[in-house]
Every structure is written in structure tokens, then in C-alpha cells.
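S.K.: This one is target.cif, mmCIF, C-alpha atoms.
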```cif
data_target
loop_
_atom_site.label_atom_id
_atom_site.label_comp_id
_atom_site.auth_asym_id
_atom_site.auth_seq_id
_atom_site.Cartn_x
_atom_site.Cartn_y
_atom_site.Cartn_z
CA MET A 887 23.75 6.48 5.30
CA SER A 888 23.16 2.87 4.31
CA THR A 889 22.21 2.07 0.72
CA LEU A 890 20.53 -0.91 -0.97
CA ASN A 891 22.22 -1.94 -4.22
CA VAL A 892 21.32 -4.66 -6.73
CA ILE A 893 24.31 -6.88 -7.52
CA GLU A 894 22.81 -9.53 -9.83
CA THR A 895 19.42 -10.75 -11.07
CA TYR A 896 18.51 -13.55 -13.49
CA ILE A 897 15.90 -16.22 -14.28
CA ASP A 898 17.02 -19.87 -14.12
CA LYS A 899 15.84 -22.84 -16.21
CA GLU A 900 12.92 -23.55 -13.87
CA SER A 901 11.61 -19.95 -14.23
CA ASN A 902 12.74 -19.08 -10.70
CA TYR A 903 13.91 -15.51 -10.10
CA TYR A 904 17.29 -14.97 -8.42
CA GLY A 905 18.41 -11.68 -6.95
CA SER A 906 21.47 -10.62 -4.96
CA PHE A 907 21.47 -7.37 -2.97
CA LEU A 908 24.04 -5.45 -0.92
CA ILE A 909 23.23 -3.23 2.07
CA GLU A 910 26.12 -1.14 3.38
CA PRO A 911 27.58 0.44 5.41
CA LEU A 912 26.10 -0.84 8.67
CA SER A 913 27.38 -0.45 12.21
CA ILE A 914 28.95 -3.45 13.94
CA GLY A 915 26.20 -5.92 14.92
CA GLN A 916 23.52 -4.44 12.65
CA GLY A 917 24.19 -6.88 9.80
CA ILE A 918 22.78 -9.89 11.66
CA THR A 919 19.88 -7.83 13.03
CA VAL A 920 18.79 -6.54 9.62
CA GLY A 921 19.52 -9.87 7.89
CA ASN A 922 17.42 -11.90 10.34
CA ALA A 923 14.52 -9.44 10.19
CA LEU A 924 14.45 -9.36 6.37
CA ARG A 925 14.82 -13.14 6.05
CA ARG A 926 11.97 -13.95 8.44
CA THR A 927 9.74 -11.31 6.84
CA LEU A 928 10.43 -12.53 3.31
CA LEU A 929 9.65 -16.14 4.21
CA SER A 930 6.56 -15.59 6.33
CA ASP A 931 4.86 -12.24 5.66
CA LEU A 932 4.64 -11.91 1.87
CA THR A 933 1.31 -12.87 0.33
CA GLY A 934 0.62 -15.01 -2.72
CA PHE A 935 -2.07 -16.96 -4.54
CA ALA A 936 -2.51 -20.74 -4.37
CA ILE A 937 -5.06 -23.45 -5.18
CA THR A 938 -6.96 -24.50 -2.05
CA GLY A 939 -9.52 -26.92 -3.47
CA VAL A 940 -10.54 -28.72 -6.66
CA ARG A 941 -13.59 -30.52 -8.03
CA ILE A 942 -12.88 -33.32 -10.52
CA ASN A 943 -15.77 -34.64 -12.62
CA ASN A 944 -18.18 -36.18 -10.08
CA LEU A 945 -15.62 -37.57 -7.64
CA LYS A 946 -16.57 -37.68 -3.96
CA HIS A 947 -13.10 -38.25 -2.48
CA GLU A 948 -9.43 -38.50 -3.50
CA PHE A 949 -9.34 -42.30 -3.40
CA ASN A 950 -11.66 -42.69 -6.39
CA SER A 951 -10.23 -43.43 -9.83
CA ILE A 952 -10.81 -41.42 -13.01
CA GLN A 953 -11.58 -43.35 -16.16
CA GLY A 954 -9.05 -42.86 -18.93
CA LEU A 955 -6.54 -41.01 -16.75
CA ARG A 956 -2.97 -42.26 -16.45
CA GLU A 957 -2.44 -40.76 -12.98
CA ASP A 958 -4.46 -41.37 -9.87
CA VAL A 959 -6.20 -38.53 -8.04
CA LEU A 960 -3.43 -38.05 -5.46
CA GLU A 961 -0.82 -37.55 -8.22
CA LEU A 962 -3.10 -35.04 -9.92
CA LEU A 963 -3.48 -33.08 -6.67
CA LEU A 964 0.29 -33.00 -6.20
CA ASN A 965 0.73 -31.63 -9.72
CA LEU A 966 -1.87 -28.92 -9.05
CA LYS A 967 0.16 -27.77 -6.03
CA GLU A 968 3.06 -26.93 -8.37
CA ILE A 969 1.05 -24.31 -10.29
CA ASN A 970 2.33 -20.78 -9.58
CA LEU A 971 -0.21 -17.96 -9.82
CA LYS A 972 0.37 -14.22 -9.88
CA SER A 973 -1.75 -11.10 -10.03
CA SER A 974 -0.93 -7.50 -10.79
CA PHE A 975 -1.10 -4.96 -7.98
CA GLN A 976 -3.69 -2.88 -9.85
CA ALA A 977 -5.96 -5.91 -10.30
CA THR A 978 -5.91 -6.89 -6.64
CA GLN A 979 -6.74 -3.31 -5.63
CA LYS A 980 -9.79 -3.20 -7.90
CA VAL A 981 -11.19 -6.58 -6.84
CA GLU A 982 -12.55 -6.72 -3.30
CA ASN A 983 -12.96 -10.50 -3.13
CA LEU A 984 -9.59 -12.22 -3.34
CA GLU A 985 -11.11 -15.67 -3.85
CA PHE A 986 -11.35 -16.83 -7.45
CA LYS A 987 -12.28 -19.90 -9.44
CA GLY A 988 -10.80 -21.44 -12.57
CA TYR A 989 -11.94 -24.31 -14.70
CA LEU A 990 -10.73 -26.69 -17.35
CA LYS A 991 -12.83 -28.93 -19.61
CA VAL A 992 -11.02 -31.08 -22.17
CA LYS A 993 -11.47 -34.34 -24.05
CA GLY A 994 -8.73 -36.89 -24.67
CA PRO A 995 -6.44 -38.23 -25.76
CA LEU A 996 -4.50 -35.23 -24.47
CA VAL A 997 -1.62 -34.13 -22.25
CA VAL A 998 -3.15 -31.67 -19.79
CA THR A 999 -1.00 -28.73 -18.66
CA ALA A 1000 -1.66 -25.72 -16.43
CA GLY A 1001 -1.95 -23.38 -19.41
CA LEU A 1002 -5.30 -24.95 -20.37
CA PHE A 1003 -7.06 -23.51 -17.31
CA ASN A 1004 -9.52 -20.66 -17.82
CA LEU A 1005 -8.92 -17.97 -15.17
CA PRO A 1006 -10.47 -14.53 -14.50
CA LYS A 1007 -9.16 -12.27 -17.25
CA GLN A 1008 -6.71 -9.47 -16.34
CA VAL A 1009 -6.72 -10.65 -12.71
CA LEU A 1010 -4.78 -13.91 -12.44
CA LYS A 1011 -2.02 -15.39 -14.56
CA ILE A 1012 -0.24 -18.77 -14.46
CA VAL A 1013 3.53 -18.25 -14.38
CA ASN A 1014 4.37 -21.84 -15.38
CA PRO A 1015 1.77 -22.77 -18.05
CA GLN A 1016 3.82 -25.84 -19.06
CA GLN A 1017 3.35 -27.42 -15.62
CA TYR A 1018 2.22 -31.01 -16.17
CA ILE A 1019 -1.16 -31.97 -14.69
CA CYS A 1020 -2.13 -35.37 -16.15
CA THR A 1021 -2.55 -37.42 -19.33
CA ILE A 1022 -5.88 -38.60 -20.79
CA LEU A 1023 -5.30 -41.89 -22.61
CA ASP A 1024 -8.64 -42.32 -24.41
CA ASP A 1025 -11.58 -40.11 -25.48
CA SER A 1026 -12.76 -39.55 -21.91
CA GLU A 1027 -13.70 -36.07 -20.74
CA LEU A 1028 -12.06 -34.32 -17.81
CA TYR A 1029 -13.53 -31.40 -15.90
CA LEU A 1030 -11.51 -29.56 -13.24
CA GLU A 1031 -12.76 -26.61 -11.21
CA ILE A 1032 -10.23 -25.03 -8.85
CA ASP A 1033 -10.62 -22.66 -5.90
CA ILE A 1034 -7.90 -19.98 -5.69
CA GLU A 1035 -7.25 -17.86 -2.61
CA ARG A 1036 -4.74 -15.31 -1.40
CA GLY A 1037 -2.83 -15.93 1.81
CA LYS A 1038 0.47 -16.17 3.65
CA GLY A 1039 2.82 -19.05 4.37
CA TYR A 1040 1.64 -22.63 4.16
CA LYS A 1041 -1.85 -23.96 4.89
CA LEU A 1042 -2.75 -27.62 5.29
CA SER A 1043 -5.79 -29.11 3.53
CA ASP A 1044 -7.49 -29.64 6.91
CA ASP A 1045 -7.16 -25.91 7.64
CA ASN A 1046 -8.66 -25.11 4.23
CA ARG A 1047 -11.58 -27.40 5.02
CA LYS A 1048 -12.18 -25.73 8.41
CA THR A 1049 -12.04 -22.28 6.84
CA LYS A 1050 -14.70 -23.20 4.29
CA ILE A 1051 -16.90 -24.67 7.00
CA ILE A 1052 -16.73 -21.44 9.01
CA LYS A 1053 -17.42 -19.27 5.97
CA LYS A 1054 -20.36 -21.30 4.69
CA LEU A 1055 -21.68 -22.40 8.11
CA ALA A 1056 -21.85 -25.90 6.64
CA GLY A 1057 -19.52 -28.59 5.41
CA PRO A 1058 -17.87 -28.24 2.01
CA LYS A 1059 -19.35 -29.92 -1.02
CA PRO A 1060 -18.69 -33.67 -1.06
CA SER A 1061 -16.89 -33.37 -4.39
CA THR A 1062 -14.47 -30.64 -3.22
CA LEU A 1063 -10.98 -32.04 -2.64
CA ASN A 1064 -8.92 -29.75 -0.41
CA ILE A 1065 -5.23 -29.22 -1.20
CA ASP A 1066 -2.25 -28.19 0.93
CA SER A 1067 -1.66 -24.61 -0.17
CA ILE A 1068 1.73 -22.91 -0.55
CA PHE A 1069 1.07 -19.16 -0.64
CA MET A 1070 4.62 -17.91 0.00
CA PRO A 1071 6.32 -16.73 -3.21
CA ILE A 1072 9.82 -16.93 -1.71
CA LYS A 1073 11.65 -20.23 -2.08
CA LYS A 1074 14.95 -19.42 -0.40
CA VAL A 1075 16.67 -16.55 1.39
CA ASN A 1076 20.32 -16.47 2.41
CA TYR A 1077 22.46 -13.66 3.81
CA LYS A 1078 26.12 -13.09 4.62
CA VAL A 1079 27.78 -10.42 6.76
CA LYS A 1080 31.36 -9.27 6.25
CA LEU A 1081 33.55 -6.47 7.63
CA ILE A 1082 34.45 -3.49 5.44
CA HIS A 1083 36.09 -0.06 5.84
CA ASP A 1084 34.24 3.13 5.06
CA SER A 1085 35.75 6.22 3.43
CA LYS A 1086 37.05 7.42 6.80
CA GLY A 1087 38.73 4.11 7.62
CA ASN A 1088 36.17 3.05 10.23
CA ILE A 1089 35.22 -0.63 10.48
CA LYS A 1090 31.66 -1.26 9.24
CA GLU A 1091 29.57 -4.23 8.14
CA SER A 1092 28.27 -5.19 4.71
CA LEU A 1093 25.11 -7.32 4.33
CA ASN A 1094 24.66 -9.47 1.22
CA ILE A 1095 21.16 -10.96 0.74
CA GLU A 1096 20.31 -13.63 -1.86
CA ILE A 1097 16.63 -14.20 -2.73
CA ILE A 1098 15.07 -16.93 -4.90
CA THR A 1099 11.36 -16.62 -5.80
CA ASN A 1100 8.98 -18.94 -7.66
CA GLY A 1101 8.54 -16.42 -10.49
CA THR A 1102 5.35 -14.76 -9.22
CA ILE A 1103 7.32 -11.82 -7.83
CA THR A 1104 10.74 -10.35 -8.61
CA PRO A 1105 13.41 -10.36 -5.88
CA LYS A 1106 13.56 -6.54 -6.01
CA ARG A 1107 9.81 -6.24 -5.43
CA ALA A 1108 10.02 -8.89 -2.69
CA ILE A 1109 12.64 -7.01 -0.68
CA GLN A 1110 10.68 -3.77 -1.12
CA GLU A 1111 7.53 -5.44 0.24
CA ALA A 1112 9.51 -6.89 3.17
CA LEU A 1113 10.86 -3.43 4.04
CA LYS A 1114 7.30 -2.04 3.93
CA VAL A 1115 6.11 -4.76 6.33
CA LEU A 1116 8.89 -3.93 8.79
CA MET A 1117 8.20 -0.19 8.53
CA ASN A 1118 4.48 -0.75 9.16
CA LEU A 1119 5.41 -2.84 12.18
CA PHE A 1120 7.82 -0.41 13.86
CA TYR A 1121 6.52 3.02 12.82
CA PRO A 1122 3.23 2.81 14.82
CA LEU A 1123 5.30 1.95 17.89
CA LEU A 1124 7.28 5.12 17.41
CA VAL A 1125 4.31 7.47 17.03
CA ASN A 1126 2.01 5.67 19.47
CA GLN A 1127 1.45 7.71 22.63
CA THR A 1128 -0.16 4.90 24.64
CA PHE A 1129 3.02 3.95 26.46
CA LYS A 1130 3.68 7.59 27.32
CA THR A 1131 0.14 8.02 28.67
CA ILE A 1132 0.28 4.84 30.76
CA SER A 1133 3.67 5.82 32.17
CA SER A 1134 2.41 9.26 33.20
CA GLN A 1135 -0.66 7.77 34.85
CA LEU A 1136 1.42 5.29 36.83
CA THR A 1137 3.74 8.10 37.91
CA ARG A 1138 0.80 10.16 39.17
CA LYS A 1139 -0.62 7.23 41.12
CA PHE A 1140 2.77 6.59 42.71
CA TYR A 1141 3.14 10.20 43.89
CA LYS A 1142 -0.44 10.23 45.24
CA LYS A 1143 0.30 7.15 47.35
CA GLU A 1144 3.50 8.69 48.66
CA ASN A 1145 1.72 11.90 49.57
CA THR A 1146 -1.05 10.08 51.42
CA LYS A 1147 1.53 8.13 53.45
CA THR A 1148 3.29 11.29 54.54
#
```
Written as C-alpha cells, that's how I'd like the structure from this file.
M.R.:
Amino acid sequence: MSTLNVIETYIDKESNYYGSFLIEPLSIGQGITVGNALRRTLLSDLTGFAITGVRINNLKHEFNSIQGLREDVLELLLNLKEINLKSSFQATQKVENLEFKGYLKVKGPLVVTAGLFNLPKQVLKIVNPQQYICTILDDSELYLEIDIERGKGYKLSDDNRKTKIIKKLAGPKPSTLNIDSIFMPIKKVNYKVKLIHDSKGNIKESLNIEIITNGTITPKRAIQEALKVLMNLFYPLLVNQTFKTISSQLTRKFYKKENTKT
């Protein structure tokens, strides 16, 4: 029986989570099969939270300038993309709507960081509160209101705009600036396969998987969620009787045709 063992876990200087896991013993050829399936699932099927839109003061588009701000609007949007958000499993189960809003209202001079945002209590949390947003040079006021959604993979700002149009049956507010959203919590996945000998001297394979996350999920939880996704994908195929029913129907039709010919 194959086992999943944790080799090493740690948090680096950038608050990224690293985890190394070992799956063994596997039959010859299964290492690549399992490694590819887990890697693709980890990178594409895990969900996460990201900022999809922002409203800044009374700006109408991203090419306007903000008085008293060192950065332009495009730089501010890029800094907002680097904010990592997480939510507890219990909180997401209690809340039906997985679309949230956060806001920030400050007055300069001030260095604005992600930790200054006000988010729904006990639902969302910013993993990197020291993430730099912008700098206010004078006594100007800055108001930011962000839209937060849950999703998979990567979504372009144009896709976010189309989604809001479909949901509201009208165009988004003129002051809403859409952002390219990175929902996936996994930054990197790598795996290696090597040959080993089991207790009986048979040649087997050992699969070593390395996972790096953005801090919103631990590598151990990530690989558990990936295994659940794969189980939910394959198990219905095993218990589904549709193929069996269709096959029996085709067999009956075939024998009826043969009998009519004779």
C-alpha cells in the first residue's frame, strides 16, 4: 500500500509556504501518472480569493492621476494584485455569497499598506499586511473600495468586466477599475520519480512532490484538496451505471437486427 509522508515544511522570507512530500511505493510507470495528475490539479483546480475590481476616489479610468499620490493608477493596481487573501473553511461554509467588499479611507502624508484595509470580520484575512500599496505625499485623502471574489486560475480584467455585465445586466460603474485576478494559491509544483526496492526486493517507484504556496494555504492542505478533486472526478465514473446501461441496450439492438435478418 502506498503512503504519503511529509519530508519538510517551512515558511520563507516572503511568507511563502514550502512543502516536500513522498509517495511510495508505486508500481513502475505510476510515478509519472500520479505526479502529472497532482501537479495539474494543484495548479488549476484549487480555489482562492483575489481582488477583481477597485474604485479610487472619483476616478473614471486608470489613466487619470490622483492628487498627492507618488504612484500613478497603473502602479497602484499592480500593487493591489500582490495582496494575498485567505478565508477559513468554516467561514466560507456559513456565507452563501462568496463576493465581498473591502475599503480603505486614509489621509496623508502616509505610506499605505494592505493591512489598512477594512474587510468582513472573521471571513477574510490579508496574509501579507505589509504589502506596499502607495504613498500619499501631502494631506490629500485617499479612498479605495475593492471587490473580492473567489475563483480558480487566472482571470483577465476583460473577463471580470464581462462577468459583471452579465450579472448586473448593465455595464459596470464608470469608476470601477477591473484588475487581472490571480486566484490560484499555488505558485510552483515540481516532482521527481526515482527507482527504489521494497521489502521483498521488488523494483518500485518513489514520487517526491515539492509545493510552494503564496501563504493562503499550507502545502499539506493543498495536496489534500488536490486528492479530493481527483477522487471526486474518478469515483462517479466508477459507480455510474450509464455506460453499462448503454452497452446493454446496444447489445440488445444488435441481436434483434441479427434475428430479423435470419
S.K.: Fewer than 5 positions away in the same chain doesn't count, so skip those; otherwise give me all residues within 10 Å of segment 987-989 of chain A, counting only C-alpha atoms, as a list in words.
M.R.: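 That gives Ile937, Gly939, Val940, Arg941, Ile942, Leu1002, Phe1003, Asn1004, Leu1005, Pro1006, Leu1010, Tyr1029, Leu1030, Glu1031, Ile1032, Asp1033, Ile1034 and Glu1035 of chain A.
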S.K.: Kindly extract all protein, DNA and RNA residues lying within 6 Å of the coordinates (22.2, -4.5, -6.5) given in the file, considering all atoms listed in the file, and supply them as an MDAnalysis selection string.
M.R.: chainID A and resid 891:893 907:908
S.K.: Create the file for the chosen residues now, containing C-alpha atoms and written as a compact mmCIF listing (two decimals), keeping the file's coordinate frame.
M.R.:
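Output below, filename selection_11.txt:
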```txt
# COMPACT_ATOMS: atom_id res chain seq x y z
CA ASN A 891 22.22 -1.94 -4.22
CA VAL A 892 21.32 -4.66 -6.73
CA ILE A 893 24.31 -6.88 -7.52
CA PHE A 907 21.47 -7.37 -2.97
CA LEU A 908 24.04 -5.45 -0.92
```
S.K.: Hey, which of A:Ile1065, A:Val920, A:Ala1108, A:Leu890 ends up closest to Lys1078 of chain A? Count only C-alpha atoms.
M.R.: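 Using only C-alpha atoms, the shortest distance to Lys1078 of chain A belongs to A:Val920.
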S.K.: Could you work out how far atom CA of Asn1064 of chain A lies from atom CA of Ile1022 of chain A, giving the answer in Å with one decimal?
M.R.: 22.4 Å
S.K.: Here is a test: counting all atoms listed in the file, which residue of A:Tyr1018, A:Leu929, A:Gly1037, A:Leu966 is nearest to Glu1111 of chain A?
M.R.: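 Among A:Tyr1018, A:Leu929, A:Gly1037, A:Leu966, it is A:Leu929 that comes nearest to Glu1111 of chain A.
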S.K.: Please write the residues picked by the PyMOL selection byres ((chain A and resi 1067-1073) around 9) on this file as a VMD selection string.
M.R.: chain A and resid 902 928 to 939 967 to 968 970 1035 to 1043 1046 1064 to 1066 1074 to 1075 1097 to 1103 1105 1108
S.K.: May I ask for the distance between atom CA of Gly994 of chain A and atom CA of Leu960 of chain A, given in Å to one decimal place?
M.R.: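 Taking atom CA of Gly994 of chain A and atom CA of Leu960 of chain A, their separation equals 20.0 Å.
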S.K.: List the residues sitting within 7 Å of (22.1, -14.1, -8.1) in the file's frame, using all atoms listed in the file, as number ranges by chain.
M.R.: A: 894-896, 904-906, 1096
S.K.: For segment 1082-1092 of chain A, work out the shell of residues within 12 Å, counting all atoms listed in the file and skipping chain neighbours fewer than 5 positions away, then give it as a ChimeraX atom specification.
M.R.: /A:887-891,907-921,1077
S.K.: Which is closer to Pro995 of chain A than all the others in A:Ala1112, A:Val959, A:Leu924, A:Leu1028, using all atoms listed in the file?
M.R.: A:Leu1028
S.K.: Looking at A:Lys991, A:Ser1026, A:Glu900, A:Lys1007, which one is nearest to Arg956 of chain A, with distances taken over all atoms listed in the file?
M.R.: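 Among the listed residues, A:Ser1026 lies closest to Arg956 of chain A.
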S.K.: Selected by the PyMOL selection byres ((chain A and resi 946) around 9) in the shown coordinates: which residues, as an NGL selection string?
M.R.: :A and (941-942 or 944-945 or 947-950 or 1059-1063)
S.K.: Between atom CA of Leu1093 of chain A and atom CA of Lys1080 of chain A, what distance in Å does the model show, to one decimal?
M.R.: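 Atom CA of Leu1093 of chain A sits 6.8 Å away from atom CA of Lys1080 of chain A.
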S.K.: Name the residues that the PyMOL selection byres ((chain A and resi 997) around 12) pulls out of this structure, and write them as a ChimeraX atom specification.
M.R.: /A:954-957,992-996,998-1002,1016-1024,1028
S.K.: Could you please take those selected residues and save C-alpha atoms as a PDB file, keeping the file's coordinate frame?
M.R.:
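Final file, part-v9.pdb:
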```
ATOM      1  CA  GLY A 954      -9.050 -42.860 -18.930  1.00  0.00           C
ATOM      2  CA  LEU A 955      -6.540 -41.010 -16.750  1.00  0.00           C
ATOM      3  CA  ARG A 956      -2.970 -42.260 -16.450  1.00  0.00           C
ATOM      4  CA  GLU A 957      -2.440 -40.760 -12.980  1.00  0.00           C
ATOM      5  CA  VAL A 992     -11.020 -31.080 -22.170  1.00  0.00           C
ATOM      6  CA  LYS A 993     -11.470 -34.340 -24.050  1.00  0.00           C
ATOM      7  CA  GLY A 994      -8.730 -36.890 -24.670  1.00  0.00           C
ATOM      8  CA  PRO A 995      -6.440 -38.230 -25.760  1.00  0.00           C
ATOM      9  CA  LEU A 996      -4.500 -35.230 -24.470  1.00  0.00           C
ATOM     10  CA  VAL A 998      -3.150 -31.670 -19.790  1.00  0.00           C
ATOM     11  CA  THR A 999      -1.000 -28.730 -18.660  1.00  0.00           C
ATOM     12  CA  ALA A1000      -1.660 -25.720 -16.430  1.00  0.00           C
ATOM     13  CA  GLY A1001      -1.950 -23.380 -19.410  1.00  0.00           C
ATOM     14  CA  LEU A1002      -5.300 -24.950 -20.370  1.00  0.00           C
ATOM     15  CA  GLN A1016       3.820 -25.840 -19.060  1.00  0.00           C
ATOM     16  CA  GLN A1017       3.350 -27.420 -15.620  1.00  0.00           C
ATOM     17  CA  TYR A1018       2.220 -31.010 -16.170  1.00  0.00           C
ATOM     18  CA  ILE A1019      -1.160 -31.970 -14.690  1.00  0.00           C
ATOM     19  CA  CYS A1020      -2.130 -35.370 -16.150  1.00  0.00           C
ATOM     20  CA  THR A1021      -2.550 -37.420 -19.330  1.00  0.00           C
ATOM     21  CA  ILE A1022      -5.880 -38.600 -20.790  1.00  0.00           C
ATOM     22  CA  LEU A1023      -5.300 -41.890 -22.610  1.00  0.00           C
ATOM     23  CA  ASP A1024      -8.640 -42.320 -24.410  1.00  0.00           C
ATOM     24  CA  LEU A1028     -12.060 -34.320 -17.810  1.00  0.00           C
TER      25      LEU A1028
END
```
S.K.: Check the smallest atom-to-atom distance from each of A:Glu961, A:Phe1120, A:Val1125, A:Val1115 to Arg926 of chain A using all atoms listed in the file, then report the winner.
M.R.: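 That would be A:Val1115, the residue with the smallest distance to Arg926 of chain A.
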